[in-house]
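Only one structure is covered here, and it is reproduced in the block below.
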Amino acid sequence: MALSSSSSSVSGNEFDHLFKILLIGDSGVGKSSLLLRFTADTFDDLSPTIGVDFKLKLMTLEGKRLKLTIWDTAGQERFRTLTSSYYRGAQGVILVYDVTRRDTFTNLQDVWLKEVELYSTNQDCVKLLVGNKVDRDSERAVSQHEGIAFARKYGCLFLESSAKTRINVQQCFEELVRKILETPSLVAEAKSVKKNILRPGNEPPPPENAGSCAC
Amino acid sequence: MPAGESSVAKPTKRVPEWLNSPAWYTKPSHGFTPPPVEDVVQEKEAVATTPPAAQEEIEEDEIVEESATKDEPGFQENNDVSSSRFQERAFRRTLSLDARVGLFVVELSRTRIHLAELQRLASQGIPDVGGIRATSWKLLLGYLPRSRDGWDEEVSKKRAQYEAFKHEFLINPSEVTRRTAGDQSGSLSSNKGFLPRHDVSHGDHPLSVGSTSVWNQFFKDTELFEQIDRDVKRTHPDMQFFCGDNERAHENQEALKRALFIFAKLNPGIRYVQGMNEVMAPLYYVFRTDPDESNAVHAEPDAFFCFVDLLSDFRDHFCQQLDNSAVGIRSTISQLTNLLKMHDEELWRHLEQVSKVNPQFYAFRWITLLLTQEFDFADTLRLWDSLLSNPDGPLEILLRVCCAMLLSVRNRLLAGDFTSNLKLLQHFPRVDIHLLLKAAEELKSSQ
């Protein structure tokens with residue numbers, strides 16, 4: 001633990017961009033497992049996330065040194081009044097569902113996308129739809145085709161993954177970050193308001209016309 | 001020195017030097033694999049139950065031990081203690097454990113329990129021997145009456161009540177309809193089992209959308225049950241007791257699920273909130289591992305009622321509608337930050353204004369889960385001995401412990417920015433739980 005925190009503070013001066021990424025979706029879809037696979041390349045049985053968990057990942061992509069702060073939120077409805085503040089300043093949002101539980105897919109449209117529209121402070125924030133647990137293909141309740149259609153309709157990137165078998169986990173984060181890098185307003189912001197992201201207590205700009213996130 | 005009997009009240013609000021002692025950090029040695037939890041508990045208990053005199057000696061030991069590693073930066077894992085020295089200390093602790101067991105046995109054998117005395121004893125840590133902790137917790141939570149004569153009658157009554165809850169809430173709708181039909185067929189025997197048409201029309205069926213439909217309720221309940229099921233299966237995934245691949249773990253999971261489901265049904269304003277499984281788990285574990293099998297088999301109802309008692313202090317934290325009220329979680333988090341400000345304004349200022357870590361990011365979990373996810377399980381049980389035995393209630397001491405946690409890492413926090421501080425507080429480092437509790441006690445005497 002000492003090692004990771006010191007390395008992060010050392011590298012704190014050495015990154016080109018700092019991006020804030022949020023993981024959302026119903027409880028038990030595998031948000032924390034995806035994050036653990038991405039940050040530590042392990043798969044473990046995890047306790048449910050209460051409130052919010054926070055992880056840091058350094059990566060190099062397209063020659064840029066990137067520092068990702070990834071916020072892993074609790075899935076249950078009870079926590080939503082508290083999670084709203086986590087959306088502030090996020091450049092990327094990963095919407096996760098479980099391909100074996102249809103309700104987790106429909107809730108993305110009914111609940112989670114609305115949360116993003118309501119609380120996201122970045123007009124151009126990149127959204128990525130992730131259907132997790134594809135290792136359990138025999139129990140599949142949401143087809144890949146439906147995932148693609150959803151992503152097209154709401155302007156999201158789309159991948160199917162398995163935190164358990166590693167499939168597409170790295171790709172999820174890379175695709176998302178690549179898209180963020182391609183979005184000039186987000187990159188400019190990540191450079192200029194670095195301090196705001198480090199200090200989320202600062203008053204965020206009010207969400208303007210939040211309904212039309214044009215990702 | 002027994003906790004809470006400090007003769008010298010701290011006149012100033014300065015942080016005592018020992019709070020910054022590296023002795024806070026205990027030793028996760030390299031390649032350490034935790035023994036089965038029962039063993040851990042036993043071993044930890046030996047520490048927990050050290051009487052005041054021996055405790056002083058142990059602290060001296062630890063300071064000596066630490067001086068060797070003092071120069072190393074930051075959070076150093078300690079060197080392994082030499083085995084002979086370890087054995088010597090273990091021996092001393094074992095002796096003192098016997099003495100402490102004796103004190104509890106005397107206390108718990110009284111015809112009328114002296115609650116203040118039990119609280120005082122328990123605040124030093126309850127020995128994990130002979131079901132002492134199970135009985136003590138039940139008394140501290142008010143589940144067992146103070147008069148020993150009343151114990152049997154009271155628990156029989158409660159356990160029967162729980163059976164009735166199970167019968168009421170955990171019944172399959174097809175069973176309900178079958179039973180109803182059974183009742184009717186009795187009265188309609190002359191119709192040779194055929195129901196008149198008008199009776200069938202407002203009968204219940206799985207596609208009924210009426211809010212009074214048992215099936216409609218059943219589907220809502222199914223959703224609730226699935227949520228509880230998902231979380232119970234993830235309760236202490238590292239412990240055989242809860243998540244092992246064996247029949248006993250399976251039974252334990254079923255018991256937790258039922259108890260949480262019944263709580264949700266009886267408390268429709270709160271229902272089930274993620275994390276309640278974590279609060280139920282220590283109660284159930286302690287009661288189920290009571291060596292007195294006649295008690296252990298009733299761990300489920302006992303844990304249920306104790307959970308209800310415990311939550312009477314904390315239930316508002318689980319309620320979303322109360323988040324912004326004077327009794328909600330935000331208000332309690334403010335109490336914690338006020339406490340910190342009172343005891344260490346510099347640290348408070350750094351957290352709030354310099355590194356700008358919203359206390360909600362860490363304290364929400366600390367408080368709603370009663371610190372069950374921050375320490376290893378054996379330490380949690382020791383911590384709960386103190387929570388449950390606090391004369392001013394568990395919340396008051398919980399806030400002091402949380403404050404002591406912040407103080408225990410104050411140097412790192414003061415040197416840290418937003419990212420490192422948040423990581424530190426969300427993944428709290430191993431600390432000596434006894435020193436932490438002692439620090440929390442000091443905060444009381446200096447208030």
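Each chain in the structure tokens gets a letter, A, B and so on, in the order shown; residues start at 1 in every chain, and ligands are counted from 1 in the order they appear.
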| task | Tell me the residues of chain B close to chain A, meaning within 10 Å using only C-alpha atoms, as a VMD selection string. | result | chain B and resid 73 to 77 227 230 to 238 243 270 272 to 275 277 to 278 318 to 321 323 to 324 330 352 to 358 360 to 366 368 to 369 373 416 to 424 426 to 429
Need the shell around Pro291 of chain B: protein/DNA/RNA residues with any atom at most 10 Å away, counting only C-alpha atoms. Skip same-chain ones fewer than 6 positions apart. Format as a VMD selection string? chain B and resid 129 to 132 134
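Taking atom CA of Gly142 of chain B and atom CA of Leu118 of chain B as endpoints, the distance between them is 12.2 Å.
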Problem set entry | Distance query segment 147-152 of chain A at most 8 Å, only C-alpha atoms, self and fewer than 4 positions along chain excluded, as a PyMOL selection string | chain A and resi 128-129+131+142-143+156-158
Neighbouring residues of Asn295 of chain B were defined as those with any atom within 12 Å, considering only C-alpha atoms; residues of the same chain fewer than 6 positions away were excluded. Please report them as a compact mmCIF listing (two decimals) with C-alpha atoms, in the first residue's frame.
# COMPACT_ATOMS: atom_id res chain seq x y z
CA GLY B 130 -17.20 -20.37 26.57
CA GLY B 131 -19.77 -18.17 24.90
CA ILE B 132 -18.98 -15.24 27.18
CA ALA B 134 -22.39 -14.10 23.03
CA THR B 135 -24.04 -13.79 26.44
CA LYS B 138 -27.09 -10.13 24.35
CA TRP B 151 -33.61 -15.34 30.54
CA ASP B 152 -35.24 -18.60 29.51
CA VAL B 155 -35.64 -15.91 24.79
CA SER B 156 -38.32 -18.57 24.34
CA ARG B 159 -37.65 -17.16 19.39
CA TYR B 284 -24.77 -13.87 13.89
CA VAL B 286 -20.78 -14.58 17.68
CA PHE B 287 -24.09 -16.25 18.51
CA ARG B 288 -23.63 -19.14 16.08
CA THR B 289 -20.19 -19.94 17.46
CA PRO B 301 -33.56 -15.23 15.91
CA ASP B 302 -31.11 -13.97 18.52
CA ALA B 303 -29.09 -12.08 15.91
Atom CA of Glu115 of chain A to atom CA of Gly25 of chain A measures 10.4 Å
Note to self: Quick check, in Å to one decimal: how far apart do atom CA of Thr100 of chain A and atom CA of Glu146 of chain A lie?
What the structure shows: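 One can read the atom CA of Thr100 of chain A to atom CA of Glu146 of chain A distance as 13.0 Å.
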**Request:** Using DSSP on the backbone coordinates, identify all residues within segment 20-210 of chain A classified as strand (DSSP E or B); present the result as a PyMOL selection string.
**Result:** chain A and resi 20-24+52-61+64-73+92-98+126-132+157-160
Can you pull out every residue within 9 Å of segment 262-267 of chain B, counting only C-alpha atoms, but drop anything in the same chain fewer than 6 positions away, and send it as a VMD selection string? chain B and resid 162 165 to 166 169 to 170 221 224 273 304 307 to 308
Pull N, CA and C atoms from the residues just selected and write them as an mmCIF file, in the first residue's frame.
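Result file is again-v4.cif:
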data_model
loop_
_atom_site.group_PDB
_atom_site.id
_atom_site.type_symbol
_atom_site.label_atom_id
_atom_site.label_comp_id
_atom_site.auth_asym_id
_atom_site.auth_seq_id
_atom_site.Cartn_x
_atom_site.Cartn_y
_atom_site.Cartn_z
ATOM 1 N N TYR B 162 -40.137 -14.996 16.433
ATOM 2 C CA TYR B 162 -39.395 -15.035 15.170
ATOM 3 C C TYR B 162 -39.941 -16.144 14.270
ATOM 4 N N PHE B 165 -42.819 -14.789 12.566
ATOM 5 C CA PHE B 165 -42.417 -13.894 11.459
ATOM 6 C C PHE B 165 -42.046 -14.708 10.227
ATOM 7 N N LYS B 166 -41.275 -15.745 10.476
ATOM 8 C CA LYS B 166 -40.858 -16.599 9.364
ATOM 9 C C LYS B 166 -42.082 -17.163 8.646
ATOM 10 N N PHE B 169 -43.831 -14.220 6.703
ATOM 11 C CA PHE B 169 -43.193 -13.518 5.592
ATOM 12 C C PHE B 169 -42.478 -14.416 4.593
ATOM 13 N N LEU B 170 -42.146 -15.600 5.009
ATOM 14 C CA LEU B 170 -41.323 -16.418 4.132
ATOM 15 C C LEU B 170 -42.120 -17.536 3.495
ATOM 16 N N ASP B 221 -41.276 -8.946 -3.456
ATOM 17 C CA ASP B 221 -40.453 -9.602 -2.444
ATOM 18 C C ASP B 221 -39.314 -10.387 -3.082
ATOM 19 N N LEU B 224 -36.557 -8.078 -3.716
ATOM 20 C CA LEU B 224 -35.894 -7.795 -2.442
ATOM 21 C C LEU B 224 -35.012 -8.971 -2.034
ATOM 22 N N VAL B 273 -31.082 -2.277 3.046
ATOM 23 C CA VAL B 273 -30.064 -1.406 2.473
ATOM 24 C C VAL B 273 -28.748 -2.173 2.456
ATOM 25 N N PHE B 304 -31.236 -11.601 14.938
ATOM 26 C CA PHE B 304 -32.273 -10.716 14.401
ATOM 27 C C PHE B 304 -32.687 -9.670 15.435
ATOM 28 N N PHE B 307 -29.955 -7.269 16.250
ATOM 29 C CA PHE B 307 -29.793 -6.350 15.115
ATOM 30 C C PHE B 307 -30.825 -5.213 15.214
ATOM 31 N N VAL B 308 -32.054 -5.583 15.526
ATOM 32 C CA VAL B 308 -33.094 -4.571 15.681
ATOM 33 C C VAL B 308 -32.715 -3.604 16.808
#
Fill in: Residue contacts of Lys67 of chain A (6 Å, only C-alpha atoms) excluding same-chain residues fewer than 5 positions away, as a PyMOL selection string
chain A and resi 18+57-58
